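These notes concern the structure reproduced below.
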Amino acid sequence: MSSGAPHAPVPPARGETRERILEVAAERFAARGYADVSMQEIADAMVITKAALYYHFRSKEELFAEVVRRAINDFWAGIIAIAESGQPLRATLEAIARFVRESVTTVSMSLLEDVHRHLPPEVEQEIFTEHPTPEAALDGLFRRAIAAGEMRPMDVEPVTAMFVGMVMGLGQRGHIRRQPKPGEDELLVDVLLRGIGTERALSGSDEEDGTVRGAQ
């Protein structure tokens, strides 16, 4: 027969606790920044002691570095997965642009700004260089597009660099923090594939004086 005594709660495994700590810390660091979040606050949110928190992470700096490391790794891994999905070129580029915009909207850019402010240079360097970046996957995407006739033959490395710059710029919004507009992902890809110039711009003609730009 059961004694009727309540069972003591089973504590989560060490790995599960560590994962939950990272989730809680990521939410708070992204919302308020590194400086305004304390280890005591994270411990209270986890309903654990501060000593238990330090058992998993030796310092707030170490915890923050792991949060950023995971965010960066997940971000690049997402782009690589889309680039290698085997979808047509335009659909793939639009999916990458959308993923970047949504990722940057979800994760505050202050998280990356705090890396420069609060982590030692060697730790920052390690975070940004230890994982695969998407250049190789994007190079492969553009080479496959050339082979499939979706893109004219050209050196793909500069194209990759331009595309990465475009999607990162669309996601970061610079210092103005403006809200994205509908259709921007498609517009970005259309600009990459078609350019922005009219036939007049491409020919270099000047309708006002009837001359050709660059003529001697």
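In the structure tokens, the first chain shown is A, the next is B, and so on; residue numbers restart at 1 for each chain, and ligands run from 1 in the order shown.
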- Message: Using only C-alpha atoms, which protein or nucleic acid residues come within 7 Å of region 59-71 of chain A? Drop anything in the same chain fewer than 4 positions from it, and give the result as a PyMOL selection string.
- Response: chain A and resi 22+26+39+54+75+119+127
- Task: Please provide as a PyMOL selection string all residues within 12 Å of Leu187 (chain A), with the sequence filter that same-chain residues fewer than 4 positions apart are discarded (counting only C-alpha atoms).
- Result: chain A and resi 90+93-94+97-98+166-167+170+180-183+191-196
- Message: Let me make sure I understand: among A:Met168, A:Gly197, A:Pro153, A:Ala95, which one has the smallest atom-to-atom distance to Ile82 (chain A) if we use only C-alpha atoms?
- Response: A:Ala95
- Query: Neighbours of Leu53 (chain A) within 10 Å (only C-alpha atoms; same-chain residues fewer than 4 positions away dropped), as number ranges by chain?
  - Reply: A: 17-18, 21, 39-40, 42-44, 46-49, 57-60, 63
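Distances here use only C-alpha atoms; by that measure, the residue among A:Ile72, A:Ala35, A:Leu202, A:Val164 closest to His118 (chain A) is A:Ala35.
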- So, counting only C-alpha atoms, which residue among A:Ala137, A:Ala31, A:Ala52, A:Val123 is closest to Thr160 (chain A)?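 Ranking A:Ala137, A:Ala31, A:Ala52, A:Val123 by distance to Thr160 (chain A), first place goes to A:Ala137.
Between His116 (chain A) and the candidates A:Phe128, A:His56, A:Ser85, A:Glu16, the tightest atom-to-atom separation, counting only C-alpha atoms, involves A:Phe128.
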- Item | alpha helix (DSSP H) per DSSP on the backbone: members of region 12-148 of chain A, as an MDAnalysis selection string | chainID A and resid 14:32 39:46 50:56 60:83 89:106 110:118 121:129 135:147
- Among the residues A:Ile96, A:Gly33, A:Ala45, A:Ala77, the one that comes closest to Arg20 (chain A) [using only C-alpha atoms]: A:Ala45
- Message: Let me make sure I understand: among A:Ile79, A:Ala25, A:Val37, A:Ala30, which one has the smallest atom-to-atom distance to Pro132 (chain A) if we use only C-alpha atoms?
- Response: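 For Pro132 (chain A), the nearest of the candidates is A:Ile79.
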